[in-house]
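K.L.:
So here's target.cif, just mmCIF, C-alpha atoms:
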```cif
data_target
loop_
_atom_site.label_atom_id
_atom_site.label_comp_id
_atom_site.auth_asym_id
_atom_site.auth_seq_id
_atom_site.Cartn_x
_atom_site.Cartn_y
_atom_site.Cartn_z
CA MET Y 1429 -7.75 -32.73 7.33
CA LYS Y 1430 -9.86 -29.61 6.99
CA ARG Y 1431 -8.69 -26.99 4.52
CA LYS Y 1432 -7.59 -23.78 6.21
CA VAL Y 1433 -9.20 -20.64 4.82
CA ALA Y 1434 -8.68 -16.90 4.92
CA ILE Y 1435 -11.62 -14.49 4.69
CA LEU Y 1436 -10.90 -11.17 2.98
CA GLY Y 1437 -13.37 -8.47 4.01
CA ALA Y 1438 -14.11 -10.40 7.20
CA THR Y 1439 -15.59 -7.43 9.07
CA GLY Y 1440 -18.32 -6.69 6.50
CA ALA Y 1441 -21.82 -8.16 6.45
CA VAL Y 1442 -20.96 -10.90 3.92
CA GLY Y 1443 -17.68 -11.63 5.68
CA GLN Y 1444 -19.60 -12.13 8.92
CA ARG Y 1445 -21.99 -14.51 7.16
CA PHE Y 1446 -18.95 -16.50 5.95
CA ILE Y 1447 -17.76 -16.72 9.57
CA GLN Y 1448 -21.18 -17.84 10.77
CA LEU Y 1449 -21.57 -20.53 8.11
CA LEU Y 1450 -18.04 -21.88 8.45
CA GLN Y 1451 -18.43 -22.71 12.13
CA ASP Y 1452 -18.16 -26.50 12.42
CA HIS Y 1453 -17.99 -26.88 8.64
CA PRO Y 1454 -16.83 -30.44 7.87
CA TRP Y 1455 -14.34 -29.39 5.17
CA PHE Y 1456 -13.15 -25.86 6.04
CA GLN Y 1457 -11.56 -24.17 9.04
CA ILE Y 1458 -11.10 -20.41 9.48
CA GLU Y 1459 -7.41 -19.64 9.86
CA VAL Y 1460 -7.04 -15.92 9.02
CA LEU Y 1461 -9.39 -12.93 9.14
CA ALA Y 1462 -8.37 -10.02 6.92
CA ALA Y 1463 -9.85 -6.58 6.30
CA SER Y 1464 -8.83 -2.99 5.65
CA GLU Y 1465 -6.00 -1.13 7.35
CA ARG Y 1466 -8.63 0.51 9.57
CA SER Y 1467 -9.38 -2.86 11.18
CA ALA Y 1468 -5.96 -4.48 10.96
CA GLY Y 1469 -4.22 -5.00 14.28
CA LYS Y 1470 -7.43 -5.19 16.30
CA LYS Y 1471 -9.09 -8.24 17.77
CA TYR Y 1472 -12.09 -9.17 15.68
CA ARG Y 1473 -14.61 -8.23 18.39
CA ASP Y 1474 -13.14 -4.72 18.47
CA ALA Y 1475 -12.91 -4.31 14.71
CA CYS Y 1476 -16.64 -4.40 13.88
CA PRO Y 1477 -20.15 -4.75 15.28
CA TRP Y 1478 -21.37 -8.35 15.00
CA LEU Y 1479 -24.55 -8.33 12.85
CA MET Y 1480 -25.53 -11.99 12.71
CA GLU Y 1481 -28.47 -13.60 14.51
CA THR Y 1482 -26.19 -16.06 16.31
CA GLU Y 1483 -23.59 -15.26 18.98
CA LEU Y 1484 -20.09 -14.33 17.87
CA PRO Y 1485 -17.94 -17.43 18.60
CA LYS Y 1486 -15.36 -16.65 21.31
CA LYS Y 1487 -12.54 -18.14 19.26
CA ILE Y 1488 -13.37 -15.79 16.39
CA ALA Y 1489 -13.84 -12.81 18.73
CA ASP Y 1490 -10.30 -13.24 20.02
CA MET Y 1491 -8.69 -13.65 16.60
CA PRO Y 1492 -6.59 -10.77 15.28
CA VAL Y 1493 -7.59 -9.03 12.07
CA VAL Y 1494 -4.76 -8.58 9.57
CA ASN Y 1495 -4.42 -6.39 6.52
CA ALA Y 1496 -5.85 -7.85 3.31
CA ASP Y 1497 -2.58 -8.43 1.50
CA VAL Y 1498 -0.66 -11.62 0.78
CA ALA Y 1499 2.28 -10.89 3.08
CA SER Y 1500 0.06 -10.14 6.10
CA VAL Y 1501 -2.15 -13.19 5.55
CA GLU Y 1502 0.81 -15.53 5.10
CA GLN Y 1503 2.44 -14.16 8.25
CA ALA Y 1504 -0.78 -14.81 10.18
CA GLY Y 1505 -1.13 -18.45 9.14
CA ALA Y 1506 -0.82 -21.06 6.40
CA VAL Y 1507 -3.99 -21.16 4.29
CA ASP Y 1508 -5.20 -23.43 1.49
CA LEU Y 1509 -7.86 -21.19 -0.06
CA VAL Y 1510 -9.36 -17.73 0.22
CA PHE Y 1511 -12.91 -16.40 0.42
CA SER Y 1512 -13.21 -12.79 -0.71
CA SER Y 1513 -16.06 -10.48 0.22
CA LEU Y 1514 -14.13 -7.28 -0.44
CA PRO Y 1515 -15.87 -4.20 -1.85
CA GLY Y 1516 -15.72 -4.22 -5.65
CA ASP Y 1517 -13.37 -1.24 -5.95
CA LEU Y 1518 -10.81 -2.87 -3.65
CA ALA Y 1519 -11.21 -6.42 -4.87
CA PHE Y 1520 -9.67 -6.16 -8.34
CA PRO Y 1521 -5.95 -5.82 -7.49
CA VAL Y 1522 -6.12 -7.66 -4.15
CA GLU Y 1523 -7.81 -10.75 -5.59
CA GLU Y 1524 -5.27 -10.91 -8.39
CA GLN Y 1525 -2.43 -10.89 -5.86
CA PHE Y 1526 -4.00 -13.80 -4.00
CA GLY Y 1527 -5.15 -15.58 -7.17
CA ALA Y 1528 -1.58 -15.89 -8.33
CA LEU Y 1529 -0.92 -18.16 -5.33
CA TYR Y 1530 -4.22 -19.49 -3.95
CA PRO Y 1531 -7.70 -20.54 -5.04
CA VAL Y 1532 -9.81 -17.41 -4.52
CA PHE Y 1533 -13.59 -17.71 -4.22
CA SER Y 1534 -14.89 -14.20 -4.77
CA LYS Y 1535 -18.26 -12.59 -4.03
CA ALA Y 1536 -17.03 -9.28 -5.45
CA SER Y 1537 -18.08 -8.05 -8.89
CA ALA Y 1538 -14.59 -7.03 -10.00
CA HIS Y 1539 -13.69 -10.14 -12.06
CA ARG Y 1540 -17.10 -11.67 -12.83
CA MET Y 1541 -17.11 -10.80 -16.51
CA ASP Y 1542 -13.41 -11.50 -17.22
CA LYS Y 1543 -13.25 -13.93 -20.13
CA ASP Y 1544 -10.99 -16.39 -18.28
CA VAL Y 1545 -12.81 -16.22 -14.91
CA PRO Y 1546 -15.70 -18.62 -14.17
CA LEU Y 1547 -19.00 -17.21 -12.91
CA ILE Y 1548 -20.39 -20.16 -11.00
CA ILE Y 1549 -23.71 -21.41 -9.69
CA PRO Y 1550 -22.84 -25.03 -8.88
CA GLU Y 1551 -26.24 -26.48 -9.86
CA ILE Y 1552 -26.21 -24.72 -13.23
CA ASN Y 1553 -22.75 -24.64 -14.76
CA PRO Y 1554 -20.33 -26.93 -12.89
CA ASP Y 1555 -18.43 -27.56 -16.13
CA HIS Y 1556 -17.39 -23.88 -16.18
CA ILE Y 1557 -14.99 -24.53 -13.29
CA ASN Y 1558 -12.57 -25.95 -15.86
CA MET Y 1559 -12.01 -22.39 -17.08
CA VAL Y 1560 -9.57 -21.87 -14.20
CA LYS Y 1561 -7.11 -24.17 -15.99
CA VAL Y 1562 -7.17 -21.78 -18.95
CA GLN Y 1563 -6.79 -18.85 -16.55
CA GLN Y 1564 -3.76 -20.43 -14.89
CA ASN Y 1565 -2.09 -21.08 -18.25
CA LEU Y 1566 -2.78 -17.57 -19.53
CA ARG Y 1567 -1.67 -15.78 -16.38
CA GLY Y 1568 1.04 -18.16 -15.18
CA TRP Y 1569 -0.69 -18.54 -11.83
CA LYS Y 1570 -0.44 -21.27 -9.25
CA GLY Y 1571 -3.88 -20.36 -7.91
CA PHE Y 1572 -6.98 -18.92 -9.58
CA ILE Y 1573 -9.98 -16.62 -9.20
CA THR Y 1574 -13.50 -17.97 -9.47
CA THR Y 1575 -16.54 -15.79 -8.88
CA ASP Y 1576 -20.14 -16.06 -7.71
CA PRO Y 1577 -22.85 -13.94 -9.34
CA ASN Y 1578 -24.80 -11.02 -8.00
CA CYS Y 1579 -27.34 -12.12 -5.37
CA SER Y 1580 -30.39 -11.21 -7.44
CA THR Y 1581 -28.94 -12.98 -10.48
CA ILE Y 1582 -28.37 -16.23 -8.59
CA GLN Y 1583 -31.98 -16.93 -7.70
CA LEU Y 1584 -33.23 -15.86 -11.14
CA ALA Y 1585 -30.72 -18.02 -13.01
CA ILE Y 1586 -31.49 -21.07 -10.86
CA THR Y 1587 -35.15 -20.83 -11.86
CA LEU Y 1588 -34.35 -20.23 -15.54
CA LYS Y 1589 -32.11 -23.27 -15.93
CA PRO Y 1590 -34.90 -25.91 -15.88
CA LEU Y 1591 -36.94 -23.77 -18.31
CA MET Y 1592 -34.26 -23.87 -21.01
CA GLN Y 1593 -35.57 -27.28 -22.14
CA PHE Y 1594 -38.66 -25.44 -23.43
CA GLY Y 1595 -36.62 -22.91 -25.45
CA LEU Y 1596 -35.99 -19.69 -23.52
CA LYS Y 1597 -36.58 -16.59 -25.68
CA GLN Y 1598 -37.25 -13.57 -23.46
CA VAL Y 1599 -37.21 -12.81 -19.74
CA MET Y 1600 -38.42 -9.73 -17.89
CA VAL Y 1601 -37.81 -9.44 -14.16
CA SER Y 1602 -38.72 -6.83 -11.57
CA THR Y 1603 -36.98 -7.20 -8.21
CA MET Y 1604 -37.92 -6.21 -4.67
CA GLN Y 1605 -34.56 -6.43 -2.94
CA ALA Y 1606 -33.85 -6.59 0.78
CA LEU Y 1607 -31.90 -4.02 2.75
CA SER Y 1608 -29.10 -6.43 3.67
CA GLY Y 1609 -28.16 -6.53 -0.01
CA ALA Y 1610 -26.81 -3.00 0.40
CA GLY Y 1611 -24.32 -4.11 3.08
CA TYR Y 1612 -23.85 -2.40 6.43
CA PRO Y 1613 -24.89 0.29 7.36
CA GLY Y 1614 -26.71 0.17 4.05
CA VAL Y 1615 -29.64 2.42 3.18
CA ALA Y 1616 -30.38 5.38 5.47
CA SER Y 1617 -33.54 4.77 7.53
CA LEU Y 1618 -35.17 8.03 6.44
CA ASP Y 1619 -34.76 6.97 2.80
CA ILE Y 1620 -36.41 3.56 3.11
CA ILE Y 1621 -39.05 3.84 5.89
CA ASP Y 1622 -42.49 4.26 4.30
CA ASN Y 1623 -40.81 4.03 0.91
CA VAL Y 1624 -39.53 1.98 -2.02
CA ILE Y 1625 -36.39 3.07 -3.84
CA PRO Y 1626 -36.70 2.24 -7.57
CA PHE Y 1627 -32.98 2.25 -8.30
CA ILE Y 1628 -29.98 0.15 -7.22
CA SER Y 1629 -26.74 1.28 -8.82
CA GLY Y 1630 -25.37 -1.24 -11.33
CA GLU Y 1631 -27.86 -3.94 -10.38
CA GLU Y 1632 -29.88 -4.09 -13.57
CA GLU Y 1633 -26.76 -4.23 -15.73
CA LYS Y 1634 -25.38 -7.11 -13.64
CA MET Y 1635 -28.57 -9.13 -13.94
CA GLU Y 1636 -28.81 -8.57 -17.69
CA THR Y 1637 -25.24 -9.66 -18.40
CA GLU Y 1638 -24.30 -12.20 -15.72
CA ALA Y 1639 -27.24 -14.53 -16.32
CA LEU Y 1640 -26.28 -14.93 -19.99
CA LYS Y 1641 -22.74 -15.96 -19.06
CA ILE Y 1642 -23.89 -18.38 -16.35
CA LEU Y 1643 -26.42 -20.09 -18.60
CA GLY Y 1644 -24.07 -20.14 -21.59
CA LYS Y 1645 -22.24 -23.12 -23.06
CA TYR Y 1646 -18.64 -23.87 -22.12
CA ASN Y 1647 -16.48 -25.06 -24.99
CA SER Y 1648 -12.69 -25.24 -25.34
CA GLY Y 1649 -11.96 -22.71 -22.64
CA ASN Y 1650 -14.60 -20.17 -23.66
CA VAL Y 1651 -18.20 -19.45 -22.70
CA GLN Y 1652 -20.72 -18.75 -25.44
CA ASN Y 1653 -23.42 -16.64 -23.84
CA ALA Y 1654 -26.97 -17.97 -23.72
CA ASP Y 1655 -29.12 -16.76 -26.60
CA PHE Y 1656 -32.11 -15.07 -25.00
CA GLN Y 1657 -33.08 -11.51 -24.09
CA LEU Y 1658 -33.26 -10.37 -20.48
CA SER Y 1659 -34.59 -7.09 -19.12
CA ALA Y 1660 -34.38 -6.20 -15.42
CA SER Y 1661 -35.84 -3.47 -13.22
CA CYS Y 1662 -34.49 -3.38 -9.65
CA ASN Y 1663 -36.01 -1.89 -6.50
CA ARG Y 1664 -34.95 -1.65 -2.84
CA VAL Y 1665 -37.71 -2.42 -0.34
CA ASN Y 1666 -38.06 -2.32 3.44
CA VAL Y 1667 -37.31 -6.01 4.12
CA THR Y 1668 -34.28 -7.20 6.09
CA ASP Y 1669 -33.37 -10.38 4.16
CA GLY Y 1670 -34.79 -12.08 1.08
CA HIS Y 1671 -35.05 -10.79 -2.49
CA LEU Y 1672 -38.46 -11.26 -4.12
CA GLU Y 1673 -38.62 -11.22 -7.93
CA SER Y 1674 -41.52 -11.07 -10.36
CA VAL Y 1675 -40.50 -12.96 -13.49
CA PHE Y 1676 -42.12 -13.03 -16.94
CA VAL Y 1677 -40.89 -15.64 -19.44
CA LYS Y 1678 -41.48 -16.18 -23.16
CA LEU Y 1679 -40.75 -19.71 -24.40
CA GLU Y 1680 -40.46 -21.24 -27.86
CA GLN Y 1681 -42.71 -24.09 -26.75
CA ASN Y 1682 -46.04 -23.84 -24.94
CA PRO Y 1683 -45.80 -26.24 -21.97
CA THR Y 1684 -48.64 -26.67 -19.52
CA MET Y 1685 -48.44 -25.15 -16.07
CA GLU Y 1686 -48.09 -28.71 -14.74
CA GLU Y 1687 -45.06 -29.32 -16.97
CA ILE Y 1688 -43.43 -26.08 -15.85
CA GLU Y 1689 -44.04 -26.86 -12.19
CA GLU Y 1690 -42.65 -30.36 -12.65
CA ALA Y 1691 -39.50 -28.90 -14.25
CA PHE Y 1692 -38.98 -26.69 -11.19
CA ILE Y 1693 -39.64 -29.47 -8.67
CA LYS Y 1694 -37.45 -32.11 -10.34
CA PHE Y 1695 -34.51 -29.79 -10.96
CA GLN Y 1696 -31.27 -30.90 -9.30
CA GLY Y 1697 -27.62 -30.41 -10.09
CA GLU Y 1698 -24.12 -31.61 -9.35
CA PRO Y 1699 -24.16 -30.47 -5.69
CA GLN Y 1700 -27.17 -32.68 -4.99
CA ARG Y 1701 -25.65 -35.67 -6.78
CA LEU Y 1702 -22.38 -35.20 -4.88
CA LYS Y 1703 -24.23 -34.48 -1.62
CA LEU Y 1704 -22.06 -31.45 -0.91
CA PRO Y 1705 -22.34 -30.22 2.70
CA SER Y 1706 -24.03 -26.90 1.88
CA ALA Y 1707 -26.27 -28.17 -0.92
CA PRO Y 1708 -30.02 -28.05 -0.32
CA VAL Y 1709 -31.90 -31.25 -1.11
CA ASN Y 1710 -34.16 -29.23 -3.41
CA PRO Y 1711 -32.58 -26.21 -5.16
CA ILE Y 1712 -36.08 -25.04 -6.12
CA VAL Y 1713 -39.09 -25.38 -3.82
CA VAL Y 1714 -42.57 -24.66 -5.21
CA ARG Y 1715 -45.24 -23.12 -2.99
CA HIS Y 1716 -48.89 -23.46 -3.99
CA GLU Y 1717 -50.49 -20.87 -1.72
CA LYS Y 1718 -51.87 -17.86 -3.60
CA ASN Y 1719 -49.89 -15.40 -1.48
CA ARG Y 1720 -46.47 -17.11 -1.34
CA PRO Y 1721 -43.50 -16.90 -1.40
CA GLN Y 1722 -42.98 -14.20 1.20
CA PRO Y 1723 -39.55 -13.18 2.58
CA ARG Y 1724 -40.44 -13.44 6.27
CA PHE Y 1725 -41.86 -16.94 5.99
CA ASP Y 1726 -39.90 -18.59 3.16
CA ARG Y 1727 -36.36 -17.19 2.96
CA ASP Y 1728 -34.85 -19.83 5.30
CA ILE Y 1729 -36.19 -22.89 3.46
CA GLY Y 1730 -33.36 -25.30 2.71
CA ASN Y 1731 -31.21 -23.49 5.30
CA GLY Y 1732 -31.52 -20.41 3.13
CA MET Y 1733 -30.01 -22.21 0.13
CA SER Y 1734 -33.22 -23.07 -1.77
CA VAL Y 1735 -34.97 -20.72 -4.18
CA ILE Y 1736 -38.72 -20.55 -3.56
CA VAL Y 1737 -41.09 -20.30 -6.53
CA GLY Y 1738 -44.79 -19.53 -6.40
CA ARG Y 1739 -47.74 -17.97 -8.25
CA ILE Y 1740 -46.95 -19.86 -11.48
CA ARG Y 1741 -49.54 -18.75 -14.02
CA LYS Y 1742 -50.16 -18.06 -17.69
CA ASP Y 1743 -49.44 -14.57 -19.01
CA PRO Y 1744 -51.44 -12.87 -21.81
CA ILE Y 1745 -48.32 -11.33 -23.38
CA MET Y 1746 -45.48 -13.68 -22.40
CA THR Y 1747 -45.81 -17.47 -22.05
CA PHE Y 1748 -46.08 -17.50 -18.25
CA LYS Y 1749 -45.03 -15.69 -15.09
CA TYR Y 1750 -44.03 -16.55 -11.52
CA MET Y 1751 -42.56 -15.17 -8.31
CA CYS Y 1752 -39.23 -16.33 -6.91
CA LEU Y 1753 -37.56 -15.66 -3.57
CA GLY Y 1754 -33.99 -16.20 -2.43
CA HIS Y 1755 -32.08 -15.47 0.77
CA ASN Y 1756 -29.64 -12.88 -0.51
CA THR Y 1757 -26.91 -13.28 2.13
CA LEU Y 1758 -27.09 -17.10 2.24
CA ARG Y 1759 -27.68 -18.55 -1.23
CA GLY Y 1760 -27.03 -15.13 -2.72
CA ALA Y 1761 -23.74 -14.47 -0.95
CA ALA Y 1762 -21.66 -16.44 1.57
CA GLY Y 1763 -23.59 -19.71 1.30
CA GLY Y 1764 -23.25 -19.71 -2.46
CA GLY Y 1765 -19.52 -19.01 -2.17
CA ILE Y 1766 -19.01 -21.90 0.23
CA LEU Y 1767 -21.00 -24.23 -2.03
CA SER Y 1768 -18.77 -23.24 -4.95
CA ALA Y 1769 -15.67 -24.02 -2.89
CA GLU Y 1770 -17.14 -27.40 -1.98
CA LEU Y 1771 -17.64 -28.15 -5.67
CA TYR Y 1772 -14.02 -27.31 -6.53
CA VAL Y 1773 -12.73 -29.40 -3.61
CA SER Y 1774 -14.90 -32.35 -4.64
CA LYS Y 1775 -13.34 -32.18 -8.12
CA GLY Y 1776 -9.80 -32.04 -6.73
CA MET Y 1777 -9.25 -28.48 -7.94
CA ALA Y 1778 -8.85 -26.67 -4.59
#
```
Would you write the structure of this file as structure tokens?

P.N.:
Amino acid sequence: MKRKVAILGATGAVGQRFIQLLQDHPWFQIEVLAASERSAGKKYRDACPWLMETELPKKIADMPVVNADVASVEQAGAVDLVFSSLPGDLAFPVEEQFGALYPVFSKASAHRMDKDVPLIIPEINPDHINMVKVQQNLRGWKGFITTDPNCSTIQLAITLKPLMQFGLKQVMVSTMQALSGAGYPGVASLDIIDNVIPFISGEEEKMETEALKILGKYNSGNVQNADFQLSASCNRVNVTDGHLESVFVKLEQNPTMEEIEEAFIKFQGEPQRLKLPSAPVNPIVVRHEKNRPQPRFDRDIGNGMSVIVGRIRKDPIMTFKYMCLGHNTLRGAAGGGILSAELYVSKGMA
């Protein structure tokens, strides 16, 4: 039997990506679509413009949108778990209401840094999912909240994990982030055409803190943050999908470029071992062309769930440097959330 799911924030760009990816999913079935009071009471096709590349499924188009509260969702249908793509300012109280009763898989930033809330990238820290047991005991909840990181953090952290064997000391990253990361309608056209915007509110702080929690050690219900320094500079560029990052890394050891490349290529995690439905065969794909990765050509590799690394080279100040690319609304948003849910289900926790 497929697990029935509710999507909170279903009319937004990430909510639509959840809908797209959950069509014909072998484990999950969309039961309830929820959004703000402005959309509640309308059929889905009338509540929002459909932004995805594929056609809006007729069954989804005809579904009613309900208000994003527990009573409305429960009246609309029986659900087993909840995907949340609510805006951060709305997510905090709403996710807690649902978390008391259901497993909540959140893409919002509201609870990411709570001490009893896991911040999950399934290939990196699958053991952190056990934190929800601590959360349930502390809060007296039947359900739980688990979170996925910021989109730019996800691709960076995936590439840093295999480098930790060489002793990670310092990381500097400069991002070139796609327009879809700003949601819909996003950045005004007159601000971004013929331009780069060298500021994304809150983004640098998220990257500098979330990665340390994700790559930290889980012990007795707590996460001890990873012990390295990370500095981020974030920019919005005129690309539809796909965040490109320039990464500089200082290591304790001095591996060869061949050893670093081998670490990237051989990296796999729990999703690959369990063969989870949304898991890419290769979490990291290395390109050898001098001018790759590029968003237009490489963002959909691994169904948009792989992180693409290229231009691996020595650095005169740091140990080495590279470029990495991730699809920000697939691996970085809805796809990552679905993969997290698959991990919890495979462990019998959702």

K.L.:
When the PyMOL selection byres ((chain Y and resi 1635) around 8) is applied to the file above, which residues end up in the set, as a VMD selection string?

P.N.:
chain Y and resid 1578 1580 to 1581 1631 to 1634 1636 to 1639 1660

K.L.:
Keeping C-alpha atoms for every residue in the selection just given, could you write it to a file as a short mmCIF file (atom, residue, chain, number, x, y, z; two decimals), in the coordinates of the input?

P.N.:
```cif
data_model
loop_
_atom_site.label_atom_id
_atom_site.label_comp_id
_atom_site.auth_asym_id
_atom_site.auth_seq_id
_atom_site.Cartn_x
_atom_site.Cartn_y
_atom_site.Cartn_z
CA ASN Y 1578 -24.80 -11.02 -8.00
CA SER Y 1580 -30.39 -11.21 -7.44
CA THR Y 1581 -28.94 -12.98 -10.48
CA GLU Y 1631 -27.86 -3.94 -10.38
CA GLU Y 1632 -29.88 -4.09 -13.57
CA GLU Y 1633 -26.76 -4.23 -15.73
CA LYS Y 1634 -25.38 -7.11 -13.64
CA GLU Y 1636 -28.81 -8.57 -17.69
CA THR Y 1637 -25.24 -9.66 -18.40
CA GLU Y 1638 -24.30 -12.20 -15.72
CA ALA Y 1639 -27.24 -14.53 -16.32
CA ALA Y 1660 -34.38 -6.20 -15.42
#
```

K.L.:
Run the PyMOL selection byres ((chain Y and resi 1761-1777) around 6) on the file and write out the hits as a VMD selection string.

P.N.:
chain Y and resid 1445 to 1446 1550 1706 1757 to 1760 1778

K.L.:
Write out the residues from the selection above, keeping C-alpha atoms, as a PDB file, in the frame of the given file.

P.N.:
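again.pdb, written as the output of this step:
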```
ATOM      1  CA  ARG Y1445     -21.990 -14.510   7.160  1.00  0.00           C
ATOM      2  CA  PHE Y1446     -18.950 -16.500   5.950  1.00  0.00           C
ATOM      3  CA  PRO Y1550     -22.840 -25.030  -8.880  1.00  0.00           C
ATOM      4  CA  SER Y1706     -24.030 -26.900   1.880  1.00  0.00           C
ATOM      5  CA  THR Y1757     -26.910 -13.280   2.130  1.00  0.00           C
ATOM      6  CA  LEU Y1758     -27.090 -17.100   2.240  1.00  0.00           C
ATOM      7  CA  ARG Y1759     -27.680 -18.550  -1.230  1.00  0.00           C
ATOM      8  CA  GLY Y1760     -27.030 -15.130  -2.720  1.00  0.00           C
ATOM      9  CA  ALA Y1778      -8.850 -26.670  -4.590  1.00  0.00           C
TER      10      ALA Y1778
END
```

K.L.:
Please provide as an MDAnalysis selection string all residues within 12 Å of Y:Leu1588, with the sequence filter that same-chain residues fewer than 6 positions apart are discarded (counting only C-alpha atoms).

P.N.:
chainID Y and resid 1551:1552 1581:1582 1594:1601 1639:1640 1642:1644 1654 1656 1658 1675:1679 1688 1691:1692 1695 1712 1735 1737 1749:1750 1752

K.L.:
I'd like the residues picked by the PyMOL selection byres ((chain Y and resi 1624) around 10) written out as a list in words, using the chain letters and numbers from the file.

P.N.:
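Output of the PyMOL selection byres ((chain Y and resi 1624) around 10): Met1604, Gln1605, Asp1619, Ile1620, Ile1621, Asp1622, Asn1623, Ile1625, Pro1626, Phe1627, Asn1663, Arg1664, Val1665 and Asn1666 of chain Y.
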
K.L.:
Print the selection's residues with C-alpha atoms to a file, as a tab-separated table (two decimals), in the coordinates of the input.

P.N.:
```
chain	number	residue	atom	x	y	z
Y	1604	MET	CA	-37.92	-6.21	-4.67
Y	1605	GLN	CA	-34.56	-6.43	-2.94
Y	1619	ASP	CA	-34.76	6.97	2.80
Y	1620	ILE	CA	-36.41	3.56	3.11
Y	1621	ILE	CA	-39.05	3.84	5.89
Y	1622	ASP	CA	-42.49	4.26	4.30
Y	1623	ASN	CA	-40.81	4.03	0.91
Y	1625	ILE	CA	-36.39	3.07	-3.84
Y	1626	PRO	CA	-36.70	2.24	-7.57
Y	1627	PHE	CA	-32.98	2.25	-8.30
Y	1663	ASN	CA	-36.01	-1.89	-6.50
Y	1664	ARG	CA	-34.95	-1.65	-2.84
Y	1665	VAL	CA	-37.71	-2.42	-0.34
Y	1666	ASN	CA	-38.06	-2.32	3.44
```

K.L.:
Just checking: using all atoms listed in the file, which residue out of Y:Asn1558, Y:Gln1593, Y:Gln1700, Y:Ser1500 ends up closest to Y:Val1545?

P.N.:
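Checking each candidate against Y:Val1545, we get Y:Asn1558 as the closest.
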
K.L.:
Let me make sure I understand: among Y:Ser1674, Y:Gln1563, Y:Thr1574, Y:Ser1659, which one has the smallest atom-to-atom distance to Y:Ser1602 if we use all atoms listed in the file?

P.N.:
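Under the stated criterion, the closest residue is Y:Ser1674.
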
K.L.:
Could you check which of Y:Leu1704, Y:Ala1616, Y:Leu1566, Y:Ala1606 is closest to Y:Trp1455, using all atoms listed in the file?

P.N.:
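Checking each candidate against Y:Trp1455, we get Y:Leu1704 as the closest.
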
K.L.:
Can you measure atom CA of Y:Ile1557 to atom CA of Y:Arg1540 for me? One decimal in Å is fine.

P.N.:
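Atom-to-atom, atom CA of Y:Ile1557 and atom CA of Y:Arg1540 are spaced 13.0 Å apart.
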
K.L.:
Using only C-alpha atoms, collect all residues at a distance of at most 9 Å from (-13.9, -9.1, 4.6) as written in the file, then present them as a count of residues only.

P.N.:
20

K.L.:
Counting only C-alpha atoms, figure out which residue out of Y:Arg1431, Y:Lys1543, Y:Val1709, Y:Leu1518 gets nearest to Y:Pro1454.

P.N.:
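Between Y:Arg1431, Y:Lys1543, Y:Val1709, Y:Leu1518, the residue approaching Y:Pro1454 most closely is Y:Arg1431.
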
K.L.:
Please write as a PyMOL selection string the list of polymer residues whose atoms come within 12 Å of (-35.4, -22.2, 3.0), counting only C-alpha atoms and keeping to the coordinates of the file.

P.N.:
chain Y and resi 1670+1707-1715+1721-1737+1753-1756+1758-1759

K.L.:
Just how far from atom CA of Y:Asp1490 is atom CA of Y:Tyr1472, in Å to one decimal?

P.N.:
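Answer for the atom CA of Y:Tyr1472 to atom CA of Y:Asp1490 separation: 6.2 Å.
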